[in-house]
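A.B. asks: work_29.cif (mmCIF, C-alpha atoms and all ligand atoms) pasted underneath:
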```cif
data_model
loop_
_atom_site.label_atom_id
_atom_site.label_comp_id
_atom_site.auth_asym_id
_atom_site.auth_seq_id
_atom_site.Cartn_x
_atom_site.Cartn_y
_atom_site.Cartn_z
CA MET P 1 -32.21 144.09 129.43
CA LYS P 2 -35.71 144.00 130.96
CA THR P 3 -37.86 140.97 130.23
CA TYR P 4 -41.63 141.37 129.92
CA LEU P 5 -44.34 138.75 129.94
CA VAL P 6 -46.97 140.35 127.68
CA THR P 7 -50.23 138.42 127.72
CA GLY P 8 -52.81 138.85 124.97
CA GLY P 9 -50.12 140.38 122.78
CA ALA P 10 -51.73 139.16 119.56
CA GLY P 11 -54.85 141.26 120.17
CA PHE P 12 -55.44 144.87 119.25
CA ILE P 13 -53.73 146.84 122.03
CA GLY P 14 -51.21 144.12 122.93
CA SER P 15 -49.83 143.90 119.40
CA ASN P 16 -49.60 147.68 119.17
CA PHE P 17 -47.72 147.64 122.49
CA ILE P 18 -45.23 145.02 121.29
CA LEU P 19 -44.56 146.93 118.07
CA TYR P 20 -44.21 150.19 120.02
CA MET P 21 -41.75 148.73 122.52
CA LEU P 22 -39.56 146.97 119.97
CA GLU P 23 -39.40 150.17 117.92
CA LYS P 24 -38.52 152.30 120.93
CA TYR P 25 -36.05 150.14 122.88
CA ASN P 26 -33.14 147.83 122.09
CA ASP P 27 -32.85 146.59 125.66
CA VAL P 28 -36.23 144.90 126.17
CA LYS P 29 -37.22 141.29 125.62
CA LEU P 30 -40.93 140.60 125.13
CA VAL P 31 -42.50 137.17 125.58
CA ASN P 32 -46.02 137.19 124.17
CA LEU P 33 -48.37 134.59 125.69
CA ASP P 34 -51.62 134.48 123.74
CA LYS P 35 -54.31 131.83 123.40
CA LEU P 36 -55.18 133.06 119.90
CA THR P 37 -58.92 133.29 120.36
CA TYR P 38 -60.96 134.78 117.50
CA ALA P 39 -59.53 138.16 118.60
CA GLY P 40 -55.85 137.18 118.46
CA ASN P 41 -54.06 137.57 115.16
CA LEU P 42 -50.37 136.83 114.63
CA GLU P 43 -50.45 138.74 111.38
CA ASN P 44 -50.40 141.91 113.47
CA LEU P 45 -46.88 140.91 114.53
CA LYS P 46 -45.54 139.62 111.22
CA SER P 47 -43.00 142.46 111.02
CA VAL P 48 -41.34 141.36 114.30
CA GLU P 49 -41.82 137.58 114.25
CA ASN P 50 -38.08 137.02 113.78
CA HIS P 51 -36.95 139.88 115.99
CA PRO P 52 -34.24 138.64 118.40
CA ASN P 53 -35.98 140.31 121.36
CA TYR P 54 -39.43 138.85 120.70
CA VAL P 55 -40.86 135.40 121.44
CA PHE P 56 -44.39 134.14 120.81
CA VAL P 57 -45.90 131.34 122.91
CA GLN P 58 -49.40 130.07 122.29
CA GLY P 59 -51.13 129.41 125.60
CA ASP P 60 -53.87 130.27 128.04
CA ILE P 61 -53.35 132.60 131.02
CA CYS P 62 -55.59 130.21 132.99
CA ASP P 63 -53.19 127.30 132.40
CA ARG P 64 -51.13 127.08 135.57
CA ALA P 65 -48.51 124.64 134.30
CA ALA P 66 -47.93 126.59 131.09
CA VAL P 67 -47.52 129.94 132.88
CA GLU P 68 -45.27 128.39 135.57
CA ALA P 69 -43.09 126.89 132.87
CA LEU P 70 -42.66 130.30 131.30
CA PHE P 71 -41.63 131.82 134.63
CA LYS P 72 -39.05 129.02 134.99
CA GLN P 73 -37.73 129.59 131.49
CA TYR P 74 -37.55 133.39 131.64
CA ASP P 75 -36.51 135.70 134.40
CA PHE P 76 -39.39 138.15 134.01
CA ASP P 77 -39.06 141.66 135.35
CA TYR P 78 -42.58 142.67 134.42
CA VAL P 79 -45.97 141.21 133.59
CA VAL P 80 -48.31 143.32 131.46
CA ASN P 81 -51.68 141.61 131.33
CA PHE P 82 -53.69 142.53 128.23
CA ALA P 83 -55.25 139.07 127.81
CA ALA P 84 -59.01 139.25 128.12
CA GLU P 85 -62.32 138.60 126.54
CA SER P 86 -62.98 142.18 125.55
CA HIS P 87 -66.26 142.50 123.69
CA VAL P 88 -69.23 143.80 125.69
CA ASP P 89 -71.88 142.42 123.31
CA ARG P 90 -70.36 138.97 123.51
CA SER P 91 -70.32 139.15 127.32
CA ILE P 92 -74.07 139.76 127.29
CA SER P 93 -74.72 136.58 125.31
CA ASP P 94 -71.96 134.43 126.83
CA PRO P 95 -70.77 135.71 130.25
CA GLU P 96 -68.99 132.60 131.55
CA ILE P 97 -65.84 132.78 129.46
CA PHE P 98 -65.42 136.36 130.74
CA VAL P 99 -65.22 135.06 134.29
CA LYS P 100 -62.75 132.35 133.30
CA THR P 101 -60.31 134.48 131.34
CA ASN P 102 -60.73 137.90 132.91
CA VAL P 103 -61.04 136.88 136.56
CA LEU P 104 -59.54 133.40 136.99
CA GLY P 105 -56.83 134.06 134.41
CA THR P 106 -55.79 137.25 136.22
CA VAL P 107 -55.68 135.48 139.60
CA ASN P 108 -53.61 132.68 138.07
CA LEU P 109 -51.07 135.18 136.71
CA LEU P 110 -50.93 137.03 140.03
CA ASN P 111 -50.33 133.82 141.95
CA ILE P 112 -47.59 132.54 139.72
CA ALA P 113 -45.83 135.91 139.50
CA LYS P 114 -46.05 136.27 143.28
CA ASN P 115 -44.45 132.84 143.84
CA ALA P 116 -41.76 133.49 141.26
CA TRP P 117 -40.79 136.95 142.52
CA GLN P 118 -41.10 136.45 146.27
CA THR P 119 -37.80 136.86 148.16
CA GLY P 120 -39.14 137.00 151.74
CA ASP P 121 -42.20 137.92 153.75
CA ASP P 122 -43.83 140.65 151.66
CA THR P 123 -40.66 141.25 149.66
CA TYR P 124 -40.12 140.65 145.96
CA ASN P 125 -37.43 140.90 143.29
CA GLU P 126 -36.15 144.47 143.11
CA GLY P 127 -38.08 146.44 140.46
CA ALA P 128 -40.47 143.62 139.53
CA LYS P 129 -44.00 144.72 138.66
CA TYR P 130 -47.35 143.35 137.54
CA LEU P 131 -49.43 145.76 135.46
CA GLN P 132 -53.12 145.09 134.89
CA VAL P 133 -54.54 146.68 131.75
CA ALA P 134 -57.99 147.65 132.93
CA SER P 135 -60.93 149.60 131.65
CA ASP P 136 -62.83 152.77 132.51
CA GLU P 137 -66.00 150.67 132.10
CA VAL P 138 -65.55 149.42 135.68
CA ASP P 139 -66.66 152.89 136.79
CA GLY P 140 -70.15 152.51 135.30
CA ALA P 141 -71.76 155.32 133.34
CA LEU P 142 -71.65 159.10 133.66
CA GLY P 143 -74.46 161.60 133.31
CA GLU P 144 -73.99 164.77 131.28
CA THR P 145 -71.26 166.15 133.54
CA GLY P 146 -68.29 164.90 135.54
CA PHE P 147 -65.46 162.48 134.80
CA PHE P 148 -64.16 159.14 136.02
CA MET P 149 -61.37 159.59 138.57
CA GLU P 150 -59.16 156.89 140.10
CA THR P 151 -61.27 157.29 143.24
CA THR P 152 -64.65 156.85 141.52
CA PRO P 153 -66.45 153.95 143.21
CA LEU P 154 -66.62 150.87 140.98
CA ASP P 155 -70.08 150.40 139.48
CA PRO P 156 -69.80 148.01 136.52
CA HIS P 157 -72.93 147.13 134.56
CA SER P 158 -72.15 144.57 131.86
CA PRO P 159 -70.77 141.07 132.44
CA TYR P 160 -67.60 142.32 130.70
CA SER P 161 -67.10 145.32 132.97
CA SER P 162 -68.04 143.27 136.04
CA SER P 163 -65.35 140.72 135.18
CA LYS P 164 -62.80 143.50 134.66
CA ALA P 165 -63.79 145.16 137.95
CA SER P 166 -63.42 141.84 139.72
CA ALA P 167 -59.96 141.37 138.22
CA ASP P 168 -58.99 144.90 139.35
CA LEU P 169 -60.06 144.05 142.89
CA PHE P 170 -57.90 140.93 142.93
CA VAL P 171 -54.92 142.95 141.71
CA LYS P 172 -55.61 145.48 144.48
CA ALA P 173 -55.95 142.65 147.01
CA TYR P 174 -52.53 141.25 146.04
CA GLY P 175 -51.07 144.73 146.52
CA ASP P 176 -52.84 145.34 149.82
CA THR P 177 -52.50 141.86 151.34
CA TYR P 178 -49.12 140.64 150.14
CA LYS P 179 -47.51 144.01 149.29
CA PHE P 180 -47.15 142.53 145.83
CA PRO P 181 -45.90 145.20 143.35
CA VAL P 182 -48.80 146.18 141.13
CA ASN P 183 -50.22 148.96 139.04
CA ILE P 184 -53.59 149.24 137.32
CA THR P 185 -54.18 151.39 134.25
CA ARG P 186 -57.79 152.17 133.37
CA CYS P 187 -58.12 153.43 129.84
CA SER P 188 -60.98 154.70 127.75
CA ASN P 189 -62.00 153.35 124.31
CA ASN P 190 -58.94 152.76 122.15
CA TYR P 191 -58.86 153.07 118.38
CA GLY P 192 -56.16 152.65 115.75
CA PRO P 193 -54.50 149.98 113.57
CA TYR P 194 -55.08 146.24 114.05
CA GLN P 195 -58.40 146.51 115.89
CA PHE P 196 -60.67 143.58 115.17
CA PRO P 197 -63.85 144.77 113.44
CA LYS P 198 -66.19 143.84 116.27
CA LYS P 199 -65.68 147.27 117.80
CA LEU P 200 -67.36 150.46 116.65
CA ILE P 201 -64.65 152.19 114.59
CA PRO P 202 -63.19 149.28 112.56
CA LEU P 203 -66.65 147.73 112.16
CA MET P 204 -68.00 150.96 110.66
CA ILE P 205 -64.97 151.31 108.36
CA HIS P 206 -65.33 147.68 107.26
CA ASN P 207 -69.06 147.97 106.61
CA THR P 208 -68.80 151.34 104.87
CA LEU P 209 -66.19 150.02 102.46
CA GLY P 210 -68.23 146.85 101.88
CA HIS P 211 -71.54 148.73 101.35
CA LYS P 212 -73.08 146.97 104.33
CA GLU P 213 -75.54 148.43 106.82
CA LEU P 214 -74.06 150.45 109.69
CA PRO P 215 -75.81 149.29 112.88
CA ILE P 216 -76.37 152.15 115.33
CA TYR P 217 -77.46 150.95 118.75
CA GLY P 218 -80.40 152.87 120.24
CA ASP P 219 -80.32 156.60 119.44
CA GLY P 220 -76.57 156.66 118.72
CA MET P 221 -76.05 159.43 121.29
CA GLN P 222 -73.95 157.36 123.69
CA ILE P 223 -70.61 159.00 124.34
CA ARG P 224 -67.18 157.37 124.47
CA ASP P 225 -63.80 159.01 125.23
CA TRP P 226 -61.55 157.97 122.32
CA LEU P 227 -57.86 157.26 122.89
CA TYR P 228 -55.43 156.65 120.05
CA VAL P 229 -53.81 153.29 120.75
CA GLU P 230 -50.22 154.53 120.47
CA ASP P 231 -50.90 157.09 123.21
CA HIS P 232 -52.17 154.24 125.36
CA CYS P 233 -49.02 152.15 124.69
CA LYS P 234 -46.90 155.11 125.73
CA ALA P 235 -48.87 155.40 128.99
CA ILE P 236 -48.41 151.72 129.81
CA ASP P 237 -44.68 151.96 129.17
CA MET P 238 -44.47 154.97 131.52
CA VAL P 239 -46.50 153.31 134.26
CA VAL P 240 -44.44 150.10 134.11
CA ARG P 241 -41.25 152.12 134.46
CA ASP P 242 -42.25 154.92 136.80
CA GLY P 243 -45.72 154.26 138.23
CA LYS P 244 -45.84 154.37 142.01
CA LEU P 245 -46.49 150.88 143.37
CA GLY P 246 -50.08 150.10 144.26
CA GLU P 247 -51.50 153.05 142.27
CA VAL P 248 -54.28 153.14 139.72
CA TYR P 249 -53.81 155.48 136.72
CA ASN P 250 -56.65 156.60 134.47
CA VAL P 251 -55.61 156.98 130.84
CA GLY P 252 -57.77 159.09 128.55
CA GLY P 253 -57.64 162.32 126.70
CA HIS P 254 -60.86 164.34 126.79
CA ASN P 255 -61.76 163.14 123.32
CA GLU P 256 -65.44 162.53 123.99
CA ARG P 257 -67.66 162.00 120.96
CA PRO P 258 -71.19 160.59 120.49
CA ASN P 259 -71.30 157.37 118.46
CA ILE P 260 -73.29 158.96 115.68
CA PHE P 261 -70.56 161.58 115.22
CA ILE P 262 -67.99 158.81 114.80
CA VAL P 263 -70.08 156.99 112.22
CA LYS P 264 -70.77 160.16 110.23
CA THR P 265 -67.07 161.09 110.31
CA ILE P 266 -66.17 157.71 108.81
CA ILE P 267 -68.90 157.96 106.17
CA ASP P 268 -67.77 161.48 105.18
CA TYR P 269 -64.13 160.49 104.88
CA VAL P 270 -64.83 157.43 102.76
CA LYS P 271 -67.37 159.31 100.64
CA ASN P 272 -65.01 162.21 99.95
CA ASN P 273 -61.83 160.20 99.46
CA VAL P 274 -62.70 156.72 98.27
CA ASP P 275 -66.24 155.97 97.20
CA GLY P 276 -68.85 158.61 96.40
CA GLU P 277 -71.67 156.10 96.67
CA VAL P 278 -71.50 155.62 100.41
CA GLY P 279 -73.63 157.86 102.59
CA GLU P 280 -75.80 158.26 105.64
CA HIS P 281 -78.52 156.13 104.02
CA MET P 282 -76.35 153.15 105.10
CA MET P 283 -76.93 153.87 108.80
CA LYS P 284 -79.47 151.57 110.39
CA TYR P 285 -80.83 152.24 113.86
CA VAL P 286 -81.09 148.86 115.59
CA ALA P 287 -82.17 147.58 118.99
CA ASP P 288 -80.14 149.12 121.80
CA ARG P 289 -77.54 147.11 123.72
CA LYS P 290 -78.94 145.79 127.00
CA GLY P 291 -77.79 147.92 129.93
CA HIS P 292 -76.03 150.30 127.51
CA ASP P 293 -73.79 152.78 129.37
CA ARG P 294 -74.62 156.32 128.27
CA ARG P 295 -71.36 158.17 128.71
CA TYR P 296 -67.71 157.47 129.56
CA GLY P 297 -65.19 160.23 130.21
CA ILE P 298 -61.79 160.06 131.88
CA ASP P 299 -60.04 162.59 134.05
CA PRO P 300 -56.34 162.03 133.21
CA GLU P 301 -54.90 164.62 135.60
CA LYS P 302 -53.14 162.09 137.85
CA ILE P 303 -51.07 160.44 135.12
CA LYS P 304 -50.34 163.89 133.63
CA ASN P 305 -49.17 165.33 136.94
CA ASP P 306 -47.34 162.27 138.29
CA LEU P 307 -45.75 160.84 135.15
CA GLY P 308 -45.96 163.60 132.55
CA TRP P 309 -48.13 161.57 130.18
CA TYR P 310 -50.53 163.31 127.84
CA PRO P 311 -52.39 162.12 124.74
CA GLU P 312 -50.45 163.39 121.75
CA THR P 313 -53.00 162.49 119.11
CA ALA P 314 -56.06 164.71 118.67
CA PHE P 315 -59.14 162.77 117.61
CA GLU P 316 -59.31 164.56 114.23
CA VAL P 317 -55.77 163.40 113.45
CA GLY P 318 -56.11 159.89 114.90
CA ILE P 319 -59.31 159.04 113.09
CA VAL P 320 -57.89 159.97 109.68
CA LYS P 321 -54.72 157.94 110.39
CA THR P 322 -56.90 155.03 111.44
CA ILE P 323 -59.25 155.07 108.43
CA GLN P 324 -56.24 155.41 106.15
CA TRP P 325 -54.55 152.44 107.84
CA TYR P 326 -57.57 150.23 107.16
CA LEU P 327 -57.71 151.47 103.57
CA ASP P 328 -54.04 150.56 103.15
CA HIS P 329 -54.53 147.14 104.78
CA GLU P 330 -57.53 145.83 102.89
CA GLU P 331 -56.03 142.33 102.76
CA TRP P 332 -55.66 142.26 106.56
CA MET P 333 -59.28 143.29 106.88
CA ASN P 334 -60.46 140.69 104.37
CA ARG P 335 -58.54 137.92 106.08
CA VAL P 336 -59.67 138.67 109.63
CA THR P 337 -63.27 139.06 108.52
CA SER P 338 -63.50 135.81 106.59
CA GLY P 339 -64.36 132.36 107.96
CA ALA P 340 -65.00 132.31 111.70
CA TYR P 341 -65.60 136.06 111.80
CA GLN P 342 -68.51 135.87 109.39
CA GLU P 343 -70.25 133.35 111.61
CA TYR P 344 -69.50 135.43 114.71
CA TYR P 345 -70.78 138.61 113.10
CA GLU P 346 -73.97 137.05 111.82
CA LYS P 347 -74.77 135.53 115.22
CA MET P 348 -74.12 138.85 116.95
CA TYR P 349 -76.42 140.83 114.69
CA ALA P 350 -79.06 138.19 114.05
CA ASP P 351 -81.45 139.60 116.65
CA ARG P 352 -80.89 143.27 116.07
P1 LIG P 401 -58.56 142.05 122.08
O1 LIG P 401 -59.85 141.30 122.22
O2 LIG P 401 -58.26 142.68 120.76
O3 LIG P 401 -57.33 141.09 122.41
C1 LIG P 401 -57.34 140.19 123.48
C2 LIG P 401 -56.22 139.19 123.27
O4 LIG P 401 -56.21 138.30 124.39
C3 LIG P 401 -56.39 138.34 122.02
O5 LIG P 401 -55.16 138.26 121.33
C4 LIG P 401 -56.78 136.98 122.57
O6 LIG P 401 -56.36 135.89 121.75
C5 LIG P 401 -56.07 136.98 123.90
N1 LIG P 401 -56.69 136.09 124.90
C6 LIG P 401 -58.01 135.97 125.18
N2 LIG P 401 -58.19 135.05 126.13
C7 LIG P 401 -56.94 134.59 126.48
C8 LIG P 401 -56.48 133.65 127.44
N3 LIG P 401 -57.33 132.98 128.22
N4 LIG P 401 -55.14 133.44 127.53
C9 LIG P 401 -54.28 134.11 126.72
N5 LIG P 401 -54.68 135.00 125.79
C10 LIG P 401 -55.99 135.25 125.69
O7 LIG P 401 -58.55 143.12 123.24
P2 LIG P 401 -57.91 144.57 123.26
O8 LIG P 401 -58.89 145.53 122.73
O9 LIG P 401 -56.54 144.53 122.70
O10 LIG P 401 -57.84 144.82 124.84
C11 LIG P 401 -56.67 144.48 125.60
C12 LIG P 401 -56.92 144.77 127.06
O11 LIG P 401 -57.28 146.14 127.23
C13 LIG P 401 -58.09 143.97 127.64
O12 LIG P 401 -57.76 143.58 128.94
C14 LIG P 401 -59.24 144.95 127.65
O13 LIG P 401 -60.16 144.65 128.68
C15 LIG P 401 -58.51 146.26 127.92
N6 LIG P 401 -59.20 147.45 127.40
C16 LIG P 401 -59.45 147.58 126.08
C17 LIG P 401 -60.07 148.74 125.61
C18 LIG P 401 -60.34 148.95 124.14
O14 LIG P 401 -60.86 150.02 123.77
N7 LIG P 401 -60.00 148.03 123.26
C19 LIG P 401 -60.44 149.75 126.50
C20 LIG P 401 -60.20 149.55 127.86
C21 LIG P 401 -59.55 148.41 128.30
P1 LIG P 402 -67.67 149.20 121.36
O1 LIG P 402 -66.73 149.54 120.26
O2 LIG P 402 -68.27 147.83 121.40
O3 LIG P 402 -66.94 149.54 122.73
P2 LIG P 402 -67.52 149.62 124.23
O4 LIG P 402 -68.82 148.94 124.29
O5 LIG P 402 -66.45 148.93 124.99
O6 LIG P 402 -67.62 151.08 124.54
O7 LIG P 402 -68.88 150.23 121.30
C1 LIG P 402 -68.65 151.63 121.34
C2 LIG P 402 -69.99 152.30 121.29
O8 LIG P 402 -70.57 152.08 120.00
C3 LIG P 402 -70.99 151.72 122.28
O9 LIG P 402 -71.81 152.80 122.77
C4 LIG P 402 -71.84 150.78 121.45
C5 LIG P 402 -71.84 151.42 120.08
N1 LIG P 402 -71.93 150.50 118.93
C6 LIG P 402 -72.92 150.69 117.94
O10 LIG P 402 -73.76 151.63 118.02
N2 LIG P 402 -72.96 149.83 116.88
C7 LIG P 402 -72.08 148.79 116.75
O11 LIG P 402 -72.18 148.01 115.78
C8 LIG P 402 -71.06 148.62 117.77
C9 LIG P 402 -70.06 147.51 117.67
C10 LIG P 402 -71.03 149.52 118.83
#
```
Can the structure in the file be given as structure tokens, please?
Ligand code: NAD
Ligand code: TYD
C.D. replies:
Amino acid sequence: MKTYLVTGGAGFIGSNFILYMLEKYNDVKLVNLDKLTYAGNLENLKSVENHPNYVFVQGDICDRAAVEALFKQYDFDYVVNFAAESHVDRSISDPEIFVKTNVLGTVNLLNIAKNAWQTGDDTYNEGAKYLQVASDEVDGALGETGFFMETTPLDPHSPYSSSKASADLFVKAYGDTYKFPVNITRCSNNYGPYQFPKKLIPLMIHNTLGHKELPIYGDGMQIRDWLYVEDHCKAIDMVVRDGKLGEVYNVGGHNERPNIFIVKTIIDYVKNNVDGEVGEHMMKYVADRKGHDRRYGIDPEKIKNDLGWYPETAFEVGIVKTIQWYLDHEEWMNRVTSGAYQEYYEKMYADR
């Protein structure tokens, strides 16, 4: 039985990871530490809340006493750190919390795990590992050609990506300085079930269904490399188990699409399958995001060659599965977008 500390497990990718792991293995125990910010939602995990191999603990990764207590209570083999403030637009209006959670929280986890696992000078519990879930956004923006590699120099632009880059460097420093067992996975834009509708795909689905305007930043020709969340969960599982210590792995699948293509795909699907009244007239070009990165694109050769990972879900398949999931979970969508969300959304778009 391997015991994982999964932080931020009530968020989008973390909850998908917990569901994926509990479905796949009988011999894992997952302790989910989540602060339950606006982005955390225990409803995502309703189906496993009583699972014997799953425990939820509400808490902050920055809280030293709380994290130390967990390490005393459980004999963790692995830490998988998903916990973060993750929304670029929010980081532009309120950068400080990104430093607290993404940088200080990561250093706090590293410190406590290091103390708990240390067996001697530069030696640690056999097989123990800390995995940092990172982002391709630390690499900056690409022009029309080329891809992000693990060796691409860090060049973050937004407060969000700068905080994630800083966290990556601390993880690297713990590996380099203390020989602490770490891996970093840098993934591209995820999409799939349980994503909070602050991000492009669920926001556009939510607004299309609700006959609301679809805000397109700038000219809508920015490109993202879309990764179906289950493929990402599979990659994290493989890196935890087999990743070479100290290595960074880029996770992405050559699924690059301009934003406008994504929005039109969602409109077409809803128009043809659900509601004939929706259409491109709902798109509204709004002020561009400050410092908006033009293109992201991952080169996944290393994780393919070293660990045999590949993205199984083509974008055309994943996007239909995703839209259908939101259609089938209207109540989930209504609940997460009521109350605090409404306020958040209105503030975010007030100036656009
Ligand atoms: P999310 O915003 O949906 O979830 C983040 C979770 O972390 C939430 O449950 C929240 O309550 C929790 N959290 C926030 N602050 C916390 C704190 N101080 N202590 C404990 N829990 C806290 O984010 P996500 O999209 O699931 O992203 C997960 C990770 O993957 C993040 O580290 C993010 O930077 C990274 N990432 C995401 C994407 C993407 O496309 N979503 C792409 C690349 C990297
Ligand atoms: P987002 O989902 O916020 O992810 P990230 O900024 O991490 O890539 O945004 C994806 C792309 O979609 C990005 O280029 C910004 C754009 N976008 C819009 O045009 N309108 C929107 O309402 C949102 C949320 C994003």
A.B. asks: Distance table requested - chain P against ligand LIG 402 (chain P), cut-off 7 Å, all atoms listed in the file: one row per qualifying residue with the closest atom pair and its distance in Å to one decimal, ordered by chain and rising residue number, as a tab-separated table.
C.D. replies:
```
residue	atom	partner	partner_atom	distance
P:His87	CA	P:LIG402	O2	6.1
P:Val88	CA	P:LIG402	O4	5.3
P:Asp89	CA	P:LIG402	O2	6.8
P:Asn189	CA	P:LIG402	O6	6.1
P:Lys198	CA	P:LIG402	C9	5.5
P:Lys199	CA	P:LIG402	O1	3.5
P:Leu200	CA	P:LIG402	O1	3.8
P:Ile201	CA	P:LIG402	O1	6.6
P:Leu203	CA	P:LIG402	C9	6.5
P:Leu214	CA	P:LIG402	O11	6.8
P:Pro215	CA	P:LIG402	O11	4.8
P:Ile216	CA	P:LIG402	O10	3.8
P:Tyr217	CA	P:LIG402	O10	3.8
P:Gly220	CA	P:LIG402	O10	5.8
P:Gln222	CA	P:LIG402	O9	5.1
P:Ile223	CA	P:LIG402	O9	6.5
P:Arg224	CA	P:LIG402	O6	6.3
P:Asn259	CA	P:LIG402	O8	5.6
P:His292	CA	P:LIG402	O9	6.8
P:Asp293	CA	P:LIG402	O9	6.9
```
A.B. asks: Quick check, in Å to one decimal: how far apart do atom CA of P:Gly8 and atom CA of P:Arg289 lie?
C.D. replies: 26.1 Å
A.B. asks: Between P:Met221, P:Ile61, P:Val270, P:Cys233, which is the closest to ligand LIG 401 (chain P) once you count only C-alpha atoms and all ligand atoms?
C.D. replies: P:Ile61
A.B. asks: Could you give me, as an mmCIF file with C-alpha atoms, keeping the file's coordinate frame, the residues within 9 Å of P:Gly192, counting all atoms listed in the file and dropping anything in the same chain fewer than 6 positions from it?
C.D. replies:
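Saved file out_28.cif follows:
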```cif
data_model
loop_
_atom_site.group_PDB
_atom_site.id
_atom_site.type_symbol
_atom_site.label_atom_id
_atom_site.label_comp_id
_atom_site.auth_asym_id
_atom_site.auth_seq_id
_atom_site.Cartn_x
_atom_site.Cartn_y
_atom_site.Cartn_z
ATOM 1 C CA PHE P 12 -55.440 144.870 119.250
ATOM 2 C CA ILE P 13 -53.730 146.840 122.030
ATOM 3 C CA ASN P 16 -49.600 147.680 119.170
ATOM 4 C CA ILE P 201 -64.650 152.190 114.590
ATOM 5 C CA PRO P 202 -63.190 149.280 112.560
ATOM 6 C CA LEU P 227 -57.860 157.260 122.890
ATOM 7 C CA TYR P 228 -55.430 156.650 120.050
ATOM 8 C CA VAL P 229 -53.810 153.290 120.750
ATOM 9 C CA GLU P 230 -50.220 154.530 120.470
ATOM 10 C CA GLY P 318 -56.110 159.890 114.900
ATOM 11 C CA ILE P 319 -59.310 159.040 113.090
ATOM 12 C CA LYS P 321 -54.720 157.940 110.390
ATOM 13 C CA THR P 322 -56.900 155.030 111.440
ATOM 14 C CA ILE P 323 -59.250 155.070 108.430
ATOM 15 C CA TRP P 325 -54.550 152.440 107.840
#
```
A.B. asks: What separation in Å, quoted to one decimal, exists between atom CA of P:Leu307 and atom CA of P:Asp231?
C.D. replies: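 Spanning atom CA of P:Leu307 to atom CA of P:Asp231 is a straight-line distance of 13.5 Å.
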A.B. asks: Need to verify the contact set: P:Asn125, 9 Å, all atoms listed in the file, exclusion of same-chain residues closer than 6 positions in sequence. Can you return it as JSON, numbers by chain?
C.D. replies: {"P": [77, 116, 117, 118, 119]}
A.B. asks: Would you compute the box with edges along x, y and z of the file around stretch 106-115 of chain P, including every atom the file lists for it and 3 Å extra on each side, and give its centre and edge lengths in Å to one decimal, as lines of an AutoDock Vina configuration file?
C.D. replies:
```
center_x = -50.1
center_y = 134.9
center_z = 140.0
size_x = 17.3
size_y = 10.7
size_z = 13.6
```
A.B. asks: So which residues are near ligand LIG 401 (chain P), meaning at most 7 Å away with all atoms listed in the file counted, given back as an NGL selection string?
C.D. replies: :P and (7-14 or 33-41 or 59-62 or 81-87 or 101 or 105 or 133-136 or 164 or 186-191 or 195-196)
A.B. asks: For P:His51, which of P:Ile18, P:Ala235, P:Val79, P:Val67 is the closest residue, counting only C-alpha atoms?
C.D. replies: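 Under the stated criterion, the closest residue is P:Ile18.
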A.B. asks: I need the residue nearest P:Met149 from this list: P:Val286, P:Thr185, P:Leu104, P:Leu110. Use all atoms listed in the file for the distance.
C.D. replies: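 Of all the options, P:Thr185 lies closest to P:Met149.
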A.B. asks: Quick one: distance from atom CA of P:Lys234 to atom CA of P:Tyr78 in Å, one decimal?
C.D. replies: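 That distance, rounded to one decimal, is 15.8 Å.
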A.B. asks: Out of P:Asn305, P:Thr152, P:Asn334, P:Thr313, which residue has the shortest atom-to-atom distance to P:Gly253 when counting only C-alpha atoms?
C.D. replies: P:Thr313
A.B. asks: Given all atoms listed in the file as the basis, pick out the residue of P:Tyr296, P:Phe71, P:Tyr54, P:Tyr178 nearest to P:Val138.
C.D. replies: P:Tyr296
A.B. asks: With only C-alpha atoms as the atoms that count, which of P:Leu154, P:Val320, P:Ile236, P:Ile97 lies nearest to P:Ala141?
C.D. replies: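 Residue with the minimum atom-to-atom distance to P:Ala141: P:Leu154.
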A.B. asks: For stretch 195-201 of chain P, supply N, CA and C atoms and report the output as a PDB file, in the frame of the given file.
C.D. replies:
```pdb
ATOM      1  N   GLN P 195     -57.264 146.807 115.002  1.00  0.00           N
ATOM      2  CA  GLN P 195     -58.400 146.510 115.890  1.00  0.00           C
ATOM      3  C   GLN P 195     -59.391 145.623 115.144  1.00  0.00           C
ATOM      4  N   PHE P 196     -59.770 144.550 115.787  1.00  0.00           N
ATOM      5  CA  PHE P 196     -60.670 143.580 115.170  1.00  0.00           C
ATOM      6  C   PHE P 196     -62.042 144.239 114.937  1.00  0.00           C
ATOM      7  N   PRO P 197     -62.622 144.024 113.761  1.00  0.00           N
ATOM      8  CA  PRO P 197     -63.850 144.770 113.440  1.00  0.00           C
ATOM      9  C   PRO P 197     -65.120 144.267 114.127  1.00  0.00           C
ATOM     10  N   LYS P 198     -65.017 144.089 115.440  1.00  0.00           N
ATOM     11  CA  LYS P 198     -66.190 143.840 116.270  1.00  0.00           C
ATOM     12  C   LYS P 198     -66.528 145.128 117.015  1.00  0.00           C
ATOM     13  N   LYS P 199     -65.551 146.028 117.052  1.00  0.00           N
ATOM     14  CA  LYS P 199     -65.680 147.270 117.800  1.00  0.00           C
ATOM     15  C   LYS P 199     -66.120 148.390 116.862  1.00  0.00           C
ATOM     16  N   LEU P 200     -66.671 149.451 117.454  1.00  0.00           N
ATOM     17  CA  LEU P 200     -67.360 150.460 116.650  1.00  0.00           C
ATOM     18  C   LEU P 200     -66.544 150.966 115.438  1.00  0.00           C
ATOM     19  N   ILE P 201     -65.345 151.485 115.681  1.00  0.00           N
ATOM     20  CA  ILE P 201     -64.650 152.190 114.590  1.00  0.00           C
ATOM     21  C   ILE P 201     -64.251 151.247 113.438  1.00  0.00           C
TER      22      ILE P 201
END
```
